[in-house]
>>> print(open('protein.txt').read())   # compact mmCIF, C-alpha atoms and all ligand atoms
# COMPACT_ATOMS: atom_id res chain seq x y z
CA MET A 1 -12.13 -13.73 39.69
CA ASN A 2 -9.60 -11.38 38.20
CA VAL A 3 -5.90 -11.03 38.68
CA ASP A 4 -5.11 -7.82 40.51
CA ARG A 5 -3.96 -5.84 37.50
CA MET A 6 -2.31 -3.23 39.69
CA LEU A 7 0.30 -5.80 40.70
CA LEU A 8 1.18 -6.90 37.20
CA PRO A 9 4.06 -5.48 35.23
CA GLU A 10 3.02 -3.34 32.29
CA ALA A 11 3.29 -4.66 28.77
CA PRO A 12 5.62 -2.84 26.41
CA PRO A 13 3.90 0.11 24.73
CA PRO A 14 2.07 -0.80 21.50
CA GLY A 15 4.44 -0.77 18.56
CA GLU A 16 7.52 -1.64 20.54
CA ASP A 17 7.70 -5.15 19.16
CA VAL A 18 5.89 -7.18 16.53
CA CYS A 19 3.64 -8.95 19.05
CA GLY A 20 2.84 -5.61 20.67
CA ARG A 21 1.82 -4.23 17.29
CA CYS A 22 -0.25 -7.36 16.68
CA ALA A 23 -2.01 -6.92 20.03
CA ALA A 24 -2.69 -3.26 19.33
CA ALA A 25 -4.27 -4.17 15.99
CA GLY A 26 -6.68 -6.86 17.14
CA PRO A 27 -7.10 -10.42 18.39
CA THR A 28 -3.89 -12.36 18.79
CA CYS A 29 -2.81 -15.84 19.77
CA CYS A 30 -3.55 -14.67 23.34
CA THR A 31 -7.32 -14.67 22.71
CA LEU A 32 -9.46 -17.80 22.73
CA SER A 33 -12.69 -18.05 20.82
CA PRO A 34 -15.46 -18.25 23.40
CA GLY A 35 -16.36 -21.89 23.95
CA GLN A 36 -12.87 -23.08 22.97
CA GLU A 37 -11.42 -22.79 26.49
CA GLU A 38 -11.16 -26.56 26.89
CA LEU A 39 -8.68 -26.60 24.00
CA CYS A 40 -6.27 -24.16 25.66
CA PHE A 41 -2.79 -25.60 26.26
CA PRO A 42 -2.02 -26.83 29.80
CA VAL A 43 0.11 -24.83 32.24
CA SER A 44 2.38 -27.10 34.26
CA GLU A 45 3.12 -26.53 37.92
CA MET A 46 6.65 -25.49 37.00
CA GLU A 47 5.39 -22.79 34.67
CA ARG A 48 2.71 -21.65 37.12
CA THR A 49 5.29 -21.30 39.89
CA ARG A 50 7.56 -19.21 37.68
CA ILE A 51 4.71 -16.81 36.92
CA VAL A 52 3.67 -16.61 40.58
CA GLU A 53 7.24 -15.79 41.61
CA GLN A 54 7.38 -12.99 39.06
CA VAL A 55 3.92 -11.53 39.45
CA GLY A 56 3.16 -12.19 43.11
CA LEU A 57 -0.58 -12.40 43.38
CA THR A 58 -2.11 -14.60 40.68
CA LEU A 59 -5.50 -15.36 42.19
CA GLY A 60 -7.79 -16.25 39.33
CA ALA A 61 -5.02 -16.32 36.72
CA PHE A 62 -5.20 -20.11 36.35
CA VAL A 63 -8.29 -22.24 36.20
CA PRO A 64 -8.73 -25.99 36.37
CA GLU A 65 -9.99 -27.58 33.19
CA GLY A 66 -11.05 -31.16 32.64
CA ASN A 67 -8.99 -33.41 30.37
CA SER A 68 -11.73 -33.62 27.77
CA GLY A 69 -11.47 -35.82 24.70
CA ALA A 70 -11.12 -32.71 22.50
CA PHE A 71 -8.28 -31.38 24.69
CA VAL A 72 -6.36 -34.66 24.54
CA ALA A 73 -6.98 -34.95 20.79
CA ASN A 74 -5.45 -31.49 20.40
CA LEU A 75 -2.35 -32.55 22.34
CA VAL A 76 -2.09 -35.67 20.19
CA ARG A 77 -2.17 -33.47 17.08
CA LEU A 78 0.81 -31.60 18.52
CA PHE A 79 2.69 -34.77 19.48
CA PRO A 80 1.33 -37.56 17.25
CA SER A 81 4.02 -40.08 18.16
CA ASP A 82 3.34 -39.61 21.89
CA ARG A 83 -0.35 -40.45 21.72
CA ASP A 84 -0.32 -43.28 24.26
CA ARG A 85 1.81 -41.31 26.70
CA LEU A 86 -0.47 -38.30 26.46
CA ILE A 87 -3.54 -40.42 27.15
CA ARG A 88 -1.80 -41.71 30.29
CA LEU A 89 -0.60 -38.25 31.32
CA PHE A 90 -3.99 -36.60 30.86
CA PRO A 91 -6.57 -39.22 31.87
CA GLU A 92 -10.16 -38.45 31.01
CA THR A 93 -11.11 -38.27 34.69
CA GLY A 94 -8.35 -35.76 35.53
CA GLN A 95 -7.82 -32.03 35.27
CA HIS A 96 -5.04 -29.64 34.34
CA LEU A 97 -4.56 -25.92 34.78
CA ARG A 98 -4.89 -23.43 31.96
CA LEU A 99 -4.62 -19.66 31.75
CA ALA A 100 -7.81 -17.84 32.70
CA VAL A 101 -9.50 -15.67 30.11
CA ASP A 102 -11.98 -12.83 30.37
CA GLY A 103 -15.46 -12.76 28.82
CA SER A 104 -13.97 -11.92 25.42
CA GLY A 105 -11.50 -14.79 25.55
CA ASN A 106 -8.47 -12.60 26.29
CA CYS A 107 -5.78 -14.12 28.50
CA VAL A 108 -5.65 -12.46 31.92
CA PHE A 109 -2.08 -11.38 31.24
CA LEU A 110 -2.90 -9.68 27.93
CA ARG A 111 -2.78 -5.88 27.81
CA ALA A 112 -3.23 -3.39 24.99
CA GLY A 113 0.46 -3.61 24.13
CA GLY A 114 0.74 -7.38 24.38
CA CYS A 115 1.64 -9.81 27.12
CA SER A 116 2.36 -8.22 30.50
CA LEU A 117 4.67 -11.05 31.51
CA PRO A 118 8.36 -10.82 30.66
CA ARG A 119 9.09 -13.27 27.85
CA PRO A 120 11.20 -15.69 29.97
CA VAL A 121 8.35 -15.99 32.47
CA ARG A 122 5.62 -16.88 29.95
CA PRO A 123 4.46 -20.48 29.53
CA TYR A 124 6.61 -22.39 27.06
CA TYR A 125 3.78 -22.68 24.56
CA CYS A 126 3.45 -18.87 24.47
CA ARG A 127 7.19 -18.51 23.99
CA LEU A 128 7.21 -21.03 21.15
CA PHE A 129 4.23 -19.75 19.21
CA PRO A 130 4.05 -19.54 16.19
CA PHE A 131 6.88 -22.06 15.91
CA TRP A 132 6.74 -25.79 16.42
CA LEU A 133 8.74 -28.92 15.66
CA THR A 134 7.12 -31.38 13.28
CA GLY A 135 9.25 -34.45 13.77
CA LYS A 136 12.71 -32.95 13.62
CA ALA A 137 11.76 -30.16 11.26
CA LEU A 138 11.25 -26.61 12.45
CA SER A 139 7.85 -25.39 11.30
CA ALA A 140 5.31 -22.67 11.96
CA PHE A 141 1.61 -23.03 12.68
CA ALA A 142 -0.72 -21.82 9.97
CA ALA A 143 -1.94 -18.68 11.70
CA PRO A 144 -3.30 -16.18 9.20
CA GLY A 145 -3.92 -13.53 11.87
CA CYS A 146 -0.37 -13.67 13.22
CA LEU A 147 1.61 -10.55 12.35
CA VAL A 148 4.88 -12.46 12.58
CA HIS A 149 3.53 -14.77 9.91
CA ARG A 150 2.21 -11.99 7.71
CA GLN A 151 5.40 -9.97 7.90
CA GLY A 152 7.94 -12.77 7.92
CA ARG A 153 6.34 -15.29 5.52
CA THR A 154 9.24 -17.72 5.89
CA VAL A 155 10.32 -19.45 9.07
CA VAL A 156 13.79 -17.89 8.81
CA ARG A 157 12.42 -14.36 8.57
CA MET A 158 9.85 -15.05 11.28
CA LEU A 159 12.62 -16.14 13.62
CA ALA A 160 14.49 -12.91 12.89
CA LEU A 161 11.38 -10.82 13.56
CA LEU A 162 11.05 -12.37 17.01
CA GLY A 163 14.78 -12.17 17.67
CA CYS A 164 15.22 -15.89 18.21
CA THR A 165 17.10 -18.72 16.59
CA GLU A 166 16.27 -22.24 15.52
CA ALA A 167 18.31 -23.47 18.49
CA ASP A 168 16.13 -21.39 20.84
CA VAL A 169 12.99 -23.00 19.42
CA ARG A 170 14.42 -26.51 19.73
CA ASP A 171 15.47 -25.81 23.30
CA LEU A 172 12.06 -24.39 24.25
CA HIS A 173 10.26 -27.28 22.59
CA GLY A 174 12.27 -29.76 24.68
CA ARG A 175 11.53 -27.80 27.84
CA LEU A 176 7.83 -27.71 27.04
CA ARG A 177 7.84 -31.47 26.47
CA LEU A 178 9.48 -32.01 29.85
CA ALA A 179 7.09 -29.61 31.61
CA TRP A 180 4.14 -31.49 30.12
CA GLY A 181 5.57 -34.83 31.23
CA LEU A 182 7.09 -36.08 27.97
CA PRO A 183 10.75 -36.90 27.35
CA PRO A 184 12.55 -33.84 25.95
CA LYS A 185 12.88 -35.38 22.50
CA GLU A 186 10.57 -37.59 20.49
CA GLY A 187 11.56 -41.25 20.78
CA MET A 188 13.53 -40.85 24.00
CA PRO A 189 12.67 -43.14 26.94
CA PHE A 190 9.72 -42.08 29.04
CA VAL A 191 10.53 -40.03 32.13
CA THR A 192 8.35 -40.39 35.18
CA PRO A 193 6.65 -37.02 35.52
CA SER A 194 6.81 -35.17 38.80
CA PRO A 195 3.56 -35.39 40.75
CA ALA A 196 3.73 -31.59 40.91
CA ARG A 197 3.62 -31.32 37.13
CA PHE A 198 -0.02 -30.26 37.13
CA ARG A 199 -2.01 -29.02 40.06
CA PRO A 200 -5.69 -28.72 39.28
S1 LIG A 301 0.62 -15.52 29.10
FE1 LIG A 301 1.06 -13.78 27.76
S2 LIG A 301 1.75 -14.69 25.82
FE2 LIG A 301 0.68 -16.29 26.99
S3 LIG A 301 -1.45 -16.24 26.28
FE3 LIG A 301 -1.30 -14.91 28.09
S4 LIG A 301 -0.93 -12.86 27.29
FE4 LIG A 301 -0.46 -14.31 25.65
S1 LIG A 302 2.86 -14.61 17.98
FE1 LIG A 302 1.73 -13.83 16.21
S2 LIG A 302 -0.47 -13.87 16.81
FE2 LIG A 302 0.78 -14.03 18.67
S3 LIG A 302 0.96 -11.90 19.38
FE3 LIG A 302 2.81 -12.37 18.17
S4 LIG A 302 2.32 -11.66 16.11
FE4 LIG A 302 0.37 -11.83 17.22
>>> encode(input="protein.txt", output="structure tokens")
Amino acid sequence: MNVDRMLLPEAPPPGEDVCGRCAAAGPTCCTLSPGQEELCFPVSEMERTRIVEQVGLTLGAFVPEGNSGAFVANLVRLFPSDRDRLIRLFPETGQHLRLAVDGSGNCVFLRAGGCSLPRPVRPYYCRLFPFWLTGKALSAFAAPGCLVHRQGRTVVRMLALLGCTEADVRDLHGRLRLAWGLPPKEGMPFVTPSPARFRP
């Protein structure tokens, strides 16, 4: 199944922004290595709904994926102090939704000039990448192919290249945690996740 591309907004022309230039040059963070689909980050119901409201028809844009051991281990690497919560949130017998990819591993929303979704509509993980919070420290994933990384080299310059601030990253990280069913900050009391958080 494919998303009806005619109904999707166009991505900015290549070269308009750093991620557009990255997409025009080759594989980006929006492309999964074939066979690695199970490791793709989950898309919560809240994030799915936001995309549907923006794009309209999204048939085939999200696919159910089992909560495999490798998937959960990946989440635990992202949130090591929330291991037990993650195991409860993503039980081995359950499923979550992820973005669909084509035969080459490209996200269904990826175009030649980058993501076709407006930035505020993209899943939180997409909006955060390549940044992350390690404990309380702002960090960046080691991503040698990432043009933001190659051009910026330091987190401060990378933030500037993407036109965002440390406060933006901290805010997005908290929102992602909530969307995935975790409390917005590490160490905060557990919040009961909405049953609509994931809809396989
Ligand atoms: S939704 Fe956009 S930013 Fe996220 S993986 Fe797909 S193309 Fe990339
Ligand atoms: S975040 Fe990095 S890898 Fe992803 S599209 Fe932008 S420059 Fe490329």
>>> closest_residue(input="protein.txt", among="A:Pro120, A:Pro64, A:Pro80, A:Gly56", to="ligand LIG 301 (chain A)", atoms="all atoms listed in the file")
A:Pro120
>>> residues_around(input="protein.txt", residues="Gly26 (chain A)", least_positions_apart="4", cutoff="10 Å", atoms="only C-alpha atoms", output="list in words")
Arg21, Cys22, Thr31, Ala112 and Gly145 of chain A
>>> residues_near_ligand(input="protein.txt", ligand="ligand LIG 302 (chain A)", cutoff="6 Å", atoms="only C-alpha atoms and all ligand atoms", output="PyMOL selection string")
chain A and resi 18-19+22-23+28-29+129-130+146-148
>>> closest_atom_pairs(input="protein.txt", of="chain A", to="ligand LIG 301 (chain A)", cutoff="8 Å", atoms="all atoms listed in the file", output="JSON lines")
{"residue": "A:Thr28", "atom": "CA", "partner": "A:LIG301", "partner_atom": "FE4", "distance": 7.9}
{"residue": "A:Cys29", "atom": "CA", "partner": "A:LIG301", "partner_atom": "FE4", "distance": 6.5}
{"residue": "A:Cys30", "atom": "CA", "partner": "A:LIG301", "partner_atom": "FE4", "distance": 3.9}
{"residue": "A:Thr31", "atom": "CA", "partner": "A:LIG301", "partner_atom": "S3", "distance": 7.0}
{"residue": "A:Leu99", "atom": "CA", "partner": "A:LIG301", "partner_atom": "FE3", "distance": 6.9}
{"residue": "A:Asn106", "atom": "CA", "partner": "A:LIG301", "partner_atom": "S4", "distance": 7.6}
{"residue": "A:Cys107", "atom": "CA", "partner": "A:LIG301", "partner_atom": "FE3", "distance": 4.6}
{"residue": "A:Val108", "atom": "CA", "partner": "A:LIG301", "partner_atom": "FE3", "distance": 6.3}
{"residue": "A:Phe109", "atom": "CA", "partner": "A:LIG301", "partner_atom": "S4", "distance": 4.4}
{"residue": "A:Leu110", "atom": "CA", "partner": "A:LIG301", "partner_atom": "S4", "distance": 3.8}
{"residue": "A:Arg111", "atom": "CA", "partner": "A:LIG301", "partner_atom": "S4", "distance": 7.2}
{"residue": "A:Gly114", "atom": "CA", "partner": "A:LIG301", "partner_atom": "S4", "distance": 6.4}
{"residue": "A:Cys115", "atom": "CA", "partner": "A:LIG301", "partner_atom": "S4", "distance": 4.0}
{"residue": "A:Ser116", "atom": "CA", "partner": "A:LIG301", "partner_atom": "FE1", "distance": 6.3}
{"residue": "A:Leu117", "atom": "CA", "partner": "A:LIG301", "partner_atom": "FE1", "distance": 5.9}
{"residue": "A:Arg119", "atom": "CA", "partner": "A:LIG301", "partner_atom": "S2", "distance": 7.7}
{"residue": "A:Arg122", "atom": "CA", "partner": "A:LIG301", "partner_atom": "S1", "distance": 5.3}
{"residue": "A:Pro123", "atom": "CA", "partner": "A:LIG301", "partner_atom": "FE2", "distance": 6.2}
{"residue": "A:Tyr125", "atom": "CA", "partner": "A:LIG301", "partner_atom": "FE2", "distance": 7.5}
{"residue": "A:Cys126", "atom": "CA", "partner": "A:LIG301", "partner_atom": "FE2", "distance": 4.5}
{"residue": "A:Arg127", "atom": "CA", "partner": "A:LIG301", "partner_atom": "S2", "distance": 6.9}
>>> closest_residue(input="protein.txt", among="A:Ala61, A:Leu78, A:Leu182, A:Ala70", to="Glu38 (chain A)", atoms="only C-alpha atoms")
A:Ala70
>>> residues_around(input="protein.txt", residues="Ala179 (chain A)", least_positions_apart="2", cutoff="7 Å", atoms="all atoms listed in the file", output="list in words")
Ser44, Met46, Arg175, Leu176, Arg177, Gly181 and Arg197 of chain A
>>> write_last_selection(input="protein.txt", atoms="C-alpha atoms", output="PDB file, in the frame of the given file")
ATOM      1  CA  SER A  44       2.380 -27.100  34.260  1.00  0.00           C
ATOM      2  CA  MET A  46       6.650 -25.490  37.000  1.00  0.00           C
ATOM      3  CA  ARG A 175      11.530 -27.800  27.840  1.00  0.00           C
ATOM      4  CA  LEU A 176       7.830 -27.710  27.040  1.00  0.00           C
ATOM      5  CA  ARG A 177       7.840 -31.470  26.470  1.00  0.00           C
ATOM      6  CA  GLY A 181       5.570 -34.830  31.230  1.00  0.00           C
ATOM      7  CA  ARG A 197       3.620 -31.320  37.130  1.00  0.00           C
TER       8      ARG A 197
END
>>> closest_residue(input="protein.txt", among="A:Arg50, A:Arg98, A:Arg153, A:Lys185", to="Val121 (chain A)", atoms="only C-alpha atoms")
A:Arg50
>>> atom_distance(input="protein.txt", atom1="CA of Tyr124 (chain A)", atom2="CA of Asp82 (chain A)")
18.3 Å
>>> decode(input="protein.txt", residues="region 158-182 of chain A", atoms="N, CA and C atoms", output="PDB file, in the first residue's frame")
ATOM      1  N   MET A 158      25.090  22.883  15.705  1.00  0.00           N
ATOM      2  CA  MET A 158      24.052  22.052  15.081  1.00  0.00           C
ATOM      3  C   MET A 158      22.667  22.627  15.374  1.00  0.00           C
ATOM      4  N   LEU A 159      22.480  23.088  16.598  1.00  0.00           N
ATOM      5  CA  LEU A 159      21.189  23.710  16.940  1.00  0.00           C
ATOM      6  C   LEU A 159      20.939  24.910  16.038  1.00  0.00           C
ATOM      7  N   ALA A 160      21.981  25.721  15.855  1.00  0.00           N
ATOM      8  CA  ALA A 160      21.830  26.933  15.034  1.00  0.00           C
ATOM      9  C   ALA A 160      21.483  26.561  13.598  1.00  0.00           C
ATOM     10  N   LEU A 161      22.122  25.501  13.082  1.00  0.00           N
ATOM     11  CA  LEU A 161      21.855  25.095  11.697  1.00  0.00           C
ATOM     12  C   LEU A 161      20.391  24.710  11.504  1.00  0.00           C
ATOM     13  N   LEU A 162      19.809  24.107  12.534  1.00  0.00           N
ATOM     14  CA  LEU A 162      18.411  23.674  12.422  1.00  0.00           C
ATOM     15  C   LEU A 162      17.448  24.738  12.946  1.00  0.00           C
ATOM     16  N   GLY A 163      17.996  25.856  13.370  1.00  0.00           N
ATOM     17  CA  GLY A 163      17.138  26.966  13.815  1.00  0.00           C
ATOM     18  C   GLY A 163      16.359  26.637  15.075  1.00  0.00           C
ATOM     19  N   CYS A 164      16.962  25.849  15.967  1.00  0.00           N
ATOM     20  CA  CYS A 164      16.258  25.557  17.216  1.00  0.00           C
ATOM     21  C   CYS A 164      17.178  25.791  18.414  1.00  0.00           C
ATOM     22  N   THR A 165      16.582  25.774  19.565  1.00  0.00           N
ATOM     23  CA  THR A 165      17.318  26.089  20.785  1.00  0.00           C
ATOM     24  C   THR A 165      17.351  24.857  21.694  1.00  0.00           C
ATOM     25  N   GLU A 166      18.193  24.944  22.706  1.00  0.00           N
ATOM     26  CA  GLU A 166      18.251  23.853  23.684  1.00  0.00           C
ATOM     27  C   GLU A 166      16.888  23.690  24.358  1.00  0.00           C
ATOM     28  N   ALA A 167      16.221  24.808  24.616  1.00  0.00           N
ATOM     29  CA  ALA A 167      14.895  24.729  25.254  1.00  0.00           C
ATOM     30  C   ALA A 167      13.908  23.990  24.359  1.00  0.00           C
ATOM     31  N   ASP A 168      13.998  24.221  23.042  1.00  0.00           N
ATOM     32  CA  ASP A 168      13.110  23.501  22.105  1.00  0.00           C
ATOM     33  C   ASP A 168      13.336  21.991  22.224  1.00  0.00           C
ATOM     34  N   VAL A 169      14.610  21.594  22.263  1.00  0.00           N
ATOM     35  CA  VAL A 169      14.930  20.161  22.323  1.00  0.00           C
ATOM     36  C   VAL A 169      14.403  19.564  23.626  1.00  0.00           C
ATOM     37  N   ARG A 170      14.608  20.271  24.727  1.00  0.00           N
ATOM     38  CA  ARG A 170      14.124  19.757  26.019  1.00  0.00           C
ATOM     39  C   ARG A 170      12.599  19.634  26.011  1.00  0.00           C
ATOM     40  N   ASP A 171      11.944  20.616  25.430  1.00  0.00           N
ATOM     41  CA  ASP A 171      10.484  20.577  25.360  1.00  0.00           C
ATOM     42  C   ASP A 171      10.008  19.395  24.498  1.00  0.00           C
ATOM     43  N   LEU A 172      10.632  19.230  23.331  1.00  0.00           N
ATOM     44  CA  LEU A 172      10.241  18.128  22.438  1.00  0.00           C
ATOM     45  C   LEU A 172      10.508  16.772  23.079  1.00  0.00           C
ATOM     46  N   HIS A 173      11.623  16.674  23.782  1.00  0.00           N
ATOM     47  CA  HIS A 173      11.967  15.406  24.432  1.00  0.00           C
ATOM     48  C   HIS A 173      10.898  15.042  25.466  1.00  0.00           C
ATOM     49  N   GLY A 174      10.442  16.029  26.231  1.00  0.00           N
ATOM     50  CA  GLY A 174       9.391  15.779  27.215  1.00  0.00           C
ATOM     51  C   GLY A 174       8.088  15.369  26.541  1.00  0.00           C
ATOM     52  N   ARG A 175       7.784  16.022  25.417  1.00  0.00           N
ATOM     53  CA  ARG A 175       6.554  15.661  24.698  1.00  0.00           C
ATOM     54  C   ARG A 175       6.637  14.256  24.126  1.00  0.00           C
ATOM     55  N   LEU A 176       7.814  13.908  23.606  1.00  0.00           N
ATOM     56  CA  LEU A 176       7.981  12.541  23.085  1.00  0.00           C
ATOM     57  C   LEU A 176       7.800  11.528  24.212  1.00  0.00           C
ATOM     58  N   ARG A 177       8.398  11.803  25.362  1.00  0.00           N
ATOM     59  CA  ARG A 177       8.260  10.876  26.493  1.00  0.00           C
ATOM     60  C   ARG A 177       6.785  10.672  26.835  1.00  0.00           C
ATOM     61  N   LEU A 178       6.052  11.782  26.892  1.00  0.00           N
ATOM     62  CA  LEU A 178       4.620  11.673  27.213  1.00  0.00           C
ATOM     63  C   LEU A 178       3.878  10.877  26.145  1.00  0.00           C
ATOM     64  N   ALA A 179       4.166  11.171  24.878  1.00  0.00           N
ATOM     65  CA  ALA A 179       3.479  10.475  23.779  1.00  0.00           C
ATOM     66  C   ALA A 179       3.756   8.981  23.824  1.00  0.00           C
ATOM     67  N   TRP A 180       4.953   8.612  24.273  1.00  0.00           N
ATOM     68  CA  TRP A 180       5.312   7.186  24.332  1.00  0.00           C
ATOM     69  C   TRP A 180       4.873   6.551  25.641  1.00  0.00           C
ATOM     70  N   GLY A 181       4.277   7.330  26.530  1.00  0.00           N
ATOM     71  CA  GLY A 181       3.726   6.765  27.763  1.00  0.00           C
ATOM     72  C   GLY A 181       4.595   6.935  28.990  1.00  0.00           C
ATOM     73  N   LEU A 182       5.687   7.682  28.866  1.00  0.00           N
ATOM     74  CA  LEU A 182       6.577   7.906  30.006  1.00  0.00           C
ATOM     75  C   LEU A 182       6.265   9.267  30.629  1.00  0.00           C
TER      76      LEU A 182
END
